[in-house]
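Peer 1: I have a structure here, written as structure tokens, and I will follow up with some questions on it.
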Amino acid sequence: MSTRALPRGALPPRRPQPAPTPSWTAIKPDKNAVLLRNVQRQLAATEGWPLLQGGVPLPVPRGASAAPTLFDDLLPLLWTLRFVLILPVTVSRDTRTVRFRWLSWTTLVTAVLWMLTSAITCAVVRVRLAPVLSTGKHFHVWDVVPQYSTAIGMSYIFFLPVACWATADRCVALVELWLRVEALATAVTGPLQLPGLRTRARVYSFGSLVLPVLMQSLAMFVLPHERLWMLPAMLHSIAFLMVGTSFWLCCCIALGAFGSLIAARMPADLQRMGPQGLRAHRQIWLALAQLLNQLGVAWGRLQTLLLAILFLAITSISFVITAYVLHGIWDKRLVWLGTAVFFVVISIFNICNGAQIATDGVRLAAIRQLLALSVTHKDEPTCHEIICFLDDIRLERHHLTVCKLGGLSRASLLSFFSLACTYVVVLSQFTLSSETSRTKFDKLPADLVIENT
């Protein structure tokens with residue numbers, strides 16, 4: 001083989017260099033973007049599917065009853081939300097749709113009832129603050145704190161349009177997304193049913209309407225300042241807390257159970273469809289993660305309002321109980337205070353525990369199933385899909401938040417109650433200092449110095 005001599009001083013021709021291999025950090029966002037586009041495309045394709053059986057879209061004939069879905073299971077709580085003026089939407093059980101319009105009869109009736117309840121609430125607040133605002137009287141701190149905390153807590157009614165009605169469009173979008181995710185999962189894994197969810201929703205709905213009546217009956221028997229005309233405002237305040245907490249807990253339990261059920265069917269789908277089954281489950285999981293994020297966005301304002309009211313209630317009631325015990329006051333008011341503390345603690349625990357259940361059902365169930373499959377399946381295509389699936393879960397890190405300000409989990413309970421205990425200690429110190437002070441404020445500081453000398 002002959003080689004041609006190069007002229008003196010000339011450089012040899014440069015060999016063509018292969019294209020650089022893109023780094024993992026550069027290609028990972030593109031791969032996630034492709035997966036997200038595929039998920040959105042499939043969700044858009046399922047928008048017109050009212051029911052899926054065996055992976056084939058089947059239209060529901062008129063007059064025929066379709067298989068129950070999660071929408072049917074949560075329907076009692078949707079009606080309860082509408083009854084308590086939280087969500088002024090039009091619910092259609094036949095077409096399985098939820099609609100919201102500002103100019104509608106439902107919104108008009110809800111607005112009229114809200115104005116009536118707000119007027120009664122203003123009158124209740126004026127009656128509660130009238131003894132405290134009068135001049136020439138001395139009150140203990142434990143007598144003043146309940147009045148002011150009740151007045152501040154009852155002001156939730158004025159934030160109802162901003163916290164609930166303004167996010168009704170997002171709630172409607174959440175219901176539609178939930179139906180489409182369920183249709184997408186049914187197309188891959190077959191019919192999905194959560195046993196006991198409808199019964200749980202009915203029990204929560206019934207309890208959210210009955211327990212406020214029982215608690216207010218106990219309050220009218222124990223507390224002397226309760227009047228009959230205050231019933232609408234007081235009943236609505238208790239029902240608002242119970243219905244909001246119950247719906248949040250039921251949705252979180254349903255989402256967590258739905259994610260766990262889909263993860264449990266992953267080995268069967270892998271056996272039936274091969275690595276394509278894991279790829280389909282990746283798309284379902286991304287849709288579930290999007291649903292988890294949308295749940296926190298749609299109900300974030302309501303949960304913020306609920307947690308603010310519950311924090312105010314647990315702080316003031318704990319302080320009053322502490323003051324009564326330290327001063328040896330034992331009467332029937334402690335029965336009502338103990339019942340209220342139990343209700344508030346259970347509500348706070350349900351909000352934080354529900355968020356943890358939903359997050360674990362979507363994330364941990366899939367992670368555990370993938371780790372188990374990595375032990376039993378050693379072929380290269382399956383291992384590649386498992387690694388990509390785990391990378392998506394690690395990168396996304398979806399969890400429930402409150403208006404995207406902070407995450408909700410069982411760890412939030414410690415922060416919540418530690419902050420409440422701090423305020424109780426501060427109020428108790430203020431009470432002890434004000435009760436033990438002997439300073440005569442009607443004298444000048446110079447006269448006090450002369451008396452001390």
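Labeling convention for the structure tokens: chains A, B, ... as they appear, residues from 1 per chain, ligands from 1 in order of appearance.
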Apply DSSP to the backbone of this structure and, from range 76-107 of chain A, keep only the residues in alpha helix (DSSP H); write these as a ChimeraX atom specification.
Peer 2: /A:76-83,105-107
Peer 1: Just write the chosen residues, all heavy atoms, as an mmCIF file, in the first residue's frame.
Peer 2:
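Dumped everything to part_24.cif:
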```
data_model
loop_
_atom_site.group_PDB
_atom_site.id
_atom_site.type_symbol
_atom_site.label_atom_id
_atom_site.label_comp_id
_atom_site.auth_asym_id
_atom_site.auth_seq_id
_atom_site.Cartn_x
_atom_site.Cartn_y
_atom_site.Cartn_z
ATOM 1 N N PRO A 76 -71.460 10.566 46.611
ATOM 2 C CA PRO A 76 -72.101 11.108 47.832
ATOM 3 C C PRO A 76 -71.370 12.288 48.438
ATOM 4 O O PRO A 76 -72.002 13.251 48.899
ATOM 5 C CB PRO A 76 -72.120 9.897 48.780
ATOM 6 C CG PRO A 76 -72.098 8.707 47.887
ATOM 7 C CD PRO A 76 -71.248 9.108 46.728
ATOM 8 N N LEU A 77 -70.038 12.239 48.433
ATOM 9 C CA LEU A 77 -69.282 13.358 48.997
ATOM 10 C C LEU A 77 -69.352 14.591 48.101
ATOM 11 O O LEU A 77 -69.305 15.726 48.602
ATOM 12 C CB LEU A 77 -67.827 12.944 49.201
ATOM 13 C CG LEU A 77 -67.552 12.112 50.455
ATOM 14 C CD1 LEU A 77 -66.113 11.642 50.475
ATOM 15 C CD2 LEU A 77 -67.868 12.901 51.718
ATOM 16 N N LEU A 78 -69.474 14.408 46.798
ATOM 17 C CA LEU A 78 -69.641 15.562 45.907
ATOM 18 C C LEU A 78 -70.961 16.282 46.184
ATOM 19 O O LEU A 78 -71.018 17.515 46.210
ATOM 20 C CB LEU A 78 -69.582 15.109 44.451
ATOM 21 C CG LEU A 78 -68.205 14.695 43.913
ATOM 22 C CD1 LEU A 78 -68.320 14.178 42.484
ATOM 23 C CD2 LEU A 78 -67.233 15.869 43.967
ATOM 24 N N TRP A 79 -72.026 15.520 46.412
ATOM 25 C CA TRP A 79 -73.299 16.131 46.771
ATOM 26 C C TRP A 79 -73.212 16.830 48.130
ATOM 27 O O TRP A 79 -73.826 17.889 48.334
ATOM 28 C CB TRP A 79 -74.395 15.072 46.797
ATOM 29 C CG TRP A 79 -74.855 14.636 45.437
ATOM 30 C CD1 TRP A 79 -74.599 13.453 44.822
ATOM 31 C CD2 TRP A 79 -75.653 15.395 44.527
ATOM 32 N NE1 TRP A 79 -75.183 13.422 43.588
ATOM 33 C CE2 TRP A 79 -75.847 14.600 43.367
ATOM 34 C CE3 TRP A 79 -76.228 16.661 44.556
ATOM 35 C CZ2 TRP A 79 -76.584 15.028 42.269
ATOM 36 C CZ3 TRP A 79 -76.963 17.095 43.457
ATOM 37 C CH2 TRP A 79 -77.138 16.288 42.337
ATOM 38 N N THR A 80 -72.464 16.255 49.061
ATOM 39 C CA THR A 80 -72.306 16.893 50.378
ATOM 40 C C THR A 80 -71.531 18.197 50.264
ATOM 41 O O THR A 80 -71.846 19.187 50.943
ATOM 42 C CB THR A 80 -71.601 15.928 51.336
ATOM 43 O OG1 THR A 80 -72.267 14.665 51.322
ATOM 44 C CG2 THR A 80 -71.623 16.466 52.757
ATOM 45 N N LEU A 81 -70.493 18.238 49.420
ATOM 46 C CA LEU A 81 -69.760 19.484 49.190
ATOM 47 C C LEU A 81 -70.671 20.566 48.631
ATOM 48 O O LEU A 81 -70.565 21.742 48.999
ATOM 49 C CB LEU A 81 -68.600 19.228 48.231
ATOM 50 C CG LEU A 81 -67.400 18.447 48.755
ATOM 51 C CD1 LEU A 81 -66.436 18.154 47.622
ATOM 52 C CD2 LEU A 81 -66.696 19.203 49.867
ATOM 53 N N ARG A 82 -71.541 20.178 47.747
ATOM 54 C CA ARG A 82 -72.492 21.147 47.188
ATOM 55 C C ARG A 82 -73.480 21.611 48.253
ATOM 56 O O ARG A 82 -73.854 22.791 48.286
ATOM 57 C CB ARG A 82 -73.219 20.507 46.016
ATOM 58 C CG ARG A 82 -74.237 21.386 45.349
ATOM 59 C CD ARG A 82 -74.876 20.663 44.182
ATOM 60 N NE ARG A 82 -75.986 21.416 43.624
ATOM 61 C CZ ARG A 82 -76.718 21.026 42.590
ATOM 62 N NH1 ARG A 82 -76.442 19.876 41.994
ATOM 63 N NH2 ARG A 82 -77.720 21.764 42.148
ATOM 64 N N PHE A 83 -73.910 20.721 49.136
ATOM 65 C CA PHE A 83 -74.886 21.076 50.168
ATOM 66 C C PHE A 83 -74.294 22.030 51.196
ATOM 67 O O PHE A 83 -74.996 22.896 51.729
ATOM 68 C CB PHE A 83 -75.385 19.796 50.850
ATOM 69 C CG PHE A 83 -76.365 20.034 51.949
ATOM 70 C CD1 PHE A 83 -77.674 20.401 51.671
ATOM 71 C CD2 PHE A 83 -75.984 19.903 53.279
ATOM 72 C CE1 PHE A 83 -78.581 20.622 52.694
ATOM 73 C CE2 PHE A 83 -76.886 20.118 54.303
ATOM 74 C CZ PHE A 83 -78.186 20.479 54.010
ATOM 75 N N TRP A 105 -77.906 28.626 37.947
ATOM 76 C CA TRP A 105 -78.816 28.589 39.085
ATOM 77 C C TRP A 105 -78.139 28.009 40.324
ATOM 78 O O TRP A 105 -78.418 28.420 41.452
ATOM 79 C CB TRP A 105 -80.062 27.791 38.731
ATOM 80 C CG TRP A 105 -80.989 28.496 37.798
ATOM 81 C CD1 TRP A 105 -81.204 28.220 36.478
ATOM 82 C CD2 TRP A 105 -81.826 29.616 38.121
ATOM 83 N NE1 TRP A 105 -82.116 29.098 35.939
ATOM 84 C CE2 TRP A 105 -82.522 29.969 36.935
ATOM 85 C CE3 TRP A 105 -82.053 30.359 39.270
ATOM 86 C CZ2 TRP A 105 -83.429 31.017 36.890
ATOM 87 C CZ3 TRP A 105 -82.947 31.414 39.221
ATOM 88 C CH2 TRP A 105 -83.624 31.738 38.048
ATOM 89 N N THR A 106 -77.264 27.051 40.133
ATOM 90 C CA THR A 106 -76.567 26.455 41.281
ATOM 91 C C THR A 106 -75.704 27.484 41.992
ATOM 92 O O THR A 106 -75.723 27.592 43.232
ATOM 93 C CB THR A 106 -75.708 25.282 40.796
ATOM 94 O OG1 THR A 106 -76.526 24.335 40.104
ATOM 95 C CG2 THR A 106 -75.030 24.601 41.970
ATOM 96 N N THR A 107 -74.952 28.267 41.217
ATOM 97 C CA THR A 107 -74.110 29.308 41.829
ATOM 98 C C THR A 107 -74.957 30.397 42.471
ATOM 99 O O THR A 107 -74.594 30.935 43.534
ATOM 100 C CB THR A 107 -73.185 29.904 40.764
ATOM 101 O OG1 THR A 107 -72.479 28.857 40.092
ATOM 102 C CG2 THR A 107 -72.180 30.844 41.389
#
```
Peer 1: Find the residues of range 339-420 of chain A that sit at most 7 Å from range 275-291 of chain A; for each, write down the nearest two atoms and how far apart they are in Å, to one decimal. Count only C-alpha atoms. Sort by chain, then by number going up, and give it as a Markdown table.
Peer 2:
```
| residue | atom | partner | partner_atom | distance |
| --- | --- | --- | --- | --- |
| A:Val362 | CA | A:Leu288 | CA | 6.9 |
| A:Pro381 | CA | A:Pro275 | CA | 6.4 |
| A:Thr382 | CA | A:Pro275 | CA | 5.3 |
| A:Glu385 | CA | A:Leu278 | CA | 6.5 |
| A:Phe389 | CA | A:Arg282 | CA | 6.0 |
| A:His398 | CA | A:Ala289 | CA | 6.0 |
```
Peer 1: Store the residues picked out above, limited to N, CA and C atoms, as a tab-separated table (two decimals), in the first residue's frame.
Peer 2:
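File written: result-v8.tsv
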```tsv
chain	number	residue	atom	x	y	z
A	362	VAL	N	-48.89	6.04	45.48
A	362	VAL	CA	-48.44	6.33	44.13
A	362	VAL	C	-46.96	6.00	43.96
A	381	PRO	N	-33.86	-6.25	28.17
A	381	PRO	CA	-34.95	-5.28	27.93
A	381	PRO	C	-35.77	-4.97	29.18
A	382	THR	N	-36.06	-6.01	29.97
A	382	THR	CA	-36.84	-5.77	31.19
A	382	THR	C	-36.05	-4.95	32.20
A	385	GLU	N	-36.10	-1.30	31.16
A	385	GLU	CA	-37.37	-0.64	31.48
A	385	GLU	C	-37.51	-0.38	32.98
A	389	PHE	N	-37.87	3.25	34.62
A	389	PHE	CA	-39.04	3.50	35.48
A	389	PHE	C	-38.60	4.06	36.83
A	398	HIS	N	-43.04	13.52	43.04
A	398	HIS	CA	-44.32	14.17	43.27
A	398	HIS	C	-44.81	13.86	44.68
```
Peer 1: Can you write out as CSV which residues of range 203-286 of chain A fall within 10 Å of range 150-169 of chain A, alongside each residue's closest atom pair and its distance in Å to one decimal, counting only C-alpha atoms and ordering rows by chain and ascending residue number?
Peer 2:
```
residue,atom,partner,partner_atom,distance
A:Ala233,CA,A:Met154,CA,8.3
A:Met234,CA,A:Met154,CA,8.5
A:His236,CA,A:Ile157,CA,9.1
A:Ser237,CA,A:Met154,CA,7.0
A:Phe240,CA,A:Ile157,CA,9.4
```
Peer 1: So that I can check the surroundings of Leu85 in chain A, please list as a CSV table (one decimal) with N, CA, C and O atoms, in the first residue's frame every protein, DNA and RNA residue that reaches within 8 Å of it, counting only C-alpha atoms and ignoring chain neighbours fewer than 5 positions away.
Peer 2:
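The result, stored in around13.csv:
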```csv
chain,number,residue,atom,x,y,z
A,110,THR,N,-76.3,29.1,45.8
A,110,THR,CA,-75.2,29.0,46.7
A,110,THR,C,-74.8,30.3,47.2
A,110,THR,O,-74.5,30.5,48.4
A,113,LEU,N,-77.5,31.6,49.8
A,113,LEU,CA,-77.4,30.9,51.1
A,113,LEU,C,-76.1,31.4,51.8
A,113,LEU,O,-76.1,31.5,53.0
A,114,TRP,N,-75.0,31.6,51.0
A,114,TRP,CA,-73.8,32.1,51.6
A,114,TRP,C,-74.0,33.5,52.3
A,114,TRP,O,-73.5,33.8,53.4
```
Peer 1: Rank A:Met220, A:Leu400, A:Leu209, A:Leu228 by their smallest atom-to-atom distance to Ile357 in chain A, using only C-alpha atoms, and report the top residue only.
Peer 2: A:Leu400
Peer 1: Measuring between only C-alpha atoms, which one of A:Arg227, A:Arg180, A:Arg301, A:Arg272 shows the shortest distance to Thr97 in chain A?
Peer 2: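 Ranked by minimum distance to Thr97 in chain A, first place goes to A:Arg180.
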Peer 1: Name the residues in contact with Arg333 in chain A at a cut-off of 9 Å, using only C-alpha atoms, excluding same-chain residues fewer than 6 positions from it; report them as a list in words.
Peer 2: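 In the requested format, the answer is Ala219, Val222 and Leu223 of chain A.
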Peer 1: What's the separation between CA of Thr245 in chain A and CA of Ala257 in chain A, in Å to one decimal place?
Peer 2: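 It comes out at 18.2 Å.
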Peer 1: From the list A:Asn293, A:Thr339, A:Thr422, A:Thr90, which residue is nearest Leu177 in chain A when using only C-alpha atoms?
Peer 2: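 For Leu177 in chain A, the nearest of the given residues is A:Asn293.
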Peer 1: In Å, rounded to a single decimal, give me how far CA of Lys404 in chain A is from CA of Ile262 in chain A.
Peer 2: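 Spanning CA of Ile262 in chain A to CA of Lys404 in chain A is a straight-line distance of 26.5 Å.
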Peer 1: Using DSSP on the backbone, list every residue of range 92-197 of chain A that comes out as strand (DSSP E or B), and give them as a list in words.
Peer 2: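 For range 92-197 of chain A, the strand (DSSP E or B) set is Ser92, Thr97, Val98 and Arg99 of chain A.
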Peer 1: Please write the residues from the selection above to a file, keeping N, CA, C and O atoms, as a short mmCIF file (atom, residue, chain, number, x, y, z; two decimals), in the first residue's frame.
Peer 2:
```cif
data_model
loop_
_atom_site.label_atom_id
_atom_site.label_comp_id
_atom_site.auth_asym_id
_atom_site.auth_seq_id
_atom_site.Cartn_x
_atom_site.Cartn_y
_atom_site.Cartn_z
N SER A 92 -73.80 15.46 37.21
CA SER A 92 -74.65 14.61 36.40
C SER A 92 -74.19 13.16 36.57
O SER A 92 -73.06 12.82 36.17
N THR A 97 -70.34 13.63 34.65
CA THR A 97 -69.67 14.91 34.42
C THR A 97 -69.95 15.86 35.58
O THR A 97 -70.99 15.77 36.23
N VAL A 98 -69.01 16.76 35.80
CA VAL A 98 -69.15 17.82 36.80
C VAL A 98 -68.87 19.13 36.08
O VAL A 98 -67.82 19.30 35.45
N ARG A 99 -69.81 20.06 36.14
CA ARG A 99 -69.68 21.33 35.44
C ARG A 99 -69.81 22.49 36.43
O ARG A 99 -70.53 22.39 37.42
#
```
Peer 1: Determine, counting only C-alpha atoms, which protein, DNA and RNA residues have an atom within 9 Å of an atom of Arg93 in chain A; residues of the same chain fewer than 2 positions away are not included. Present the result as a VMD selection string.
Peer 2: chain A and resid 71 to 72 75 91 95 to 98
Peer 1: With N, CA and C atoms retained, export the selected residues as an mmCIF file, in the first residue's frame.
Peer 2:
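Saved to selection23.cif:
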```cif
data_model
loop_
_atom_site.group_PDB
_atom_site.id
_atom_site.type_symbol
_atom_site.label_atom_id
_atom_site.label_comp_id
_atom_site.auth_asym_id
_atom_site.auth_seq_id
_atom_site.Cartn_x
_atom_site.Cartn_y
_atom_site.Cartn_z
ATOM 1 N N PHE A 71 -65.725 7.763 40.131
ATOM 2 C CA PHE A 71 -66.638 8.906 40.173
ATOM 3 C C PHE A 71 -67.943 8.524 40.875
ATOM 4 N N ASP A 72 -68.468 7.349 40.554
ATOM 5 C CA ASP A 72 -69.695 6.891 41.216
ATOM 6 C C ASP A 72 -69.474 6.642 42.702
ATOM 7 N N LEU A 75 -69.410 10.017 44.565
ATOM 8 C CA LEU A 75 -70.551 10.898 44.294
ATOM 9 C C LEU A 75 -71.261 11.391 45.560
ATOM 10 N N VAL A 91 -73.686 18.340 39.101
ATOM 11 C CA VAL A 91 -73.220 16.958 39.022
ATOM 12 C C VAL A 91 -74.246 16.145 38.246
ATOM 13 N N THR A 95 -74.225 11.087 32.808
ATOM 14 C CA THR A 95 -73.078 11.311 31.920
ATOM 15 C C THR A 95 -71.749 11.347 32.655
ATOM 16 N N ARG A 96 -71.769 11.266 33.983
ATOM 17 C CA ARG A 96 -70.555 11.274 34.798
ATOM 18 C C ARG A 96 -69.707 12.511 34.506
ATOM 19 N N THR A 97 -70.339 13.632 34.652
ATOM 20 C CA THR A 97 -69.666 14.905 34.421
ATOM 21 C C THR A 97 -69.952 15.855 35.578
ATOM 22 N N VAL A 98 -69.014 16.759 35.798
ATOM 23 C CA VAL A 98 -69.148 17.822 36.799
ATOM 24 C C VAL A 98 -68.872 19.135 36.079
#
```
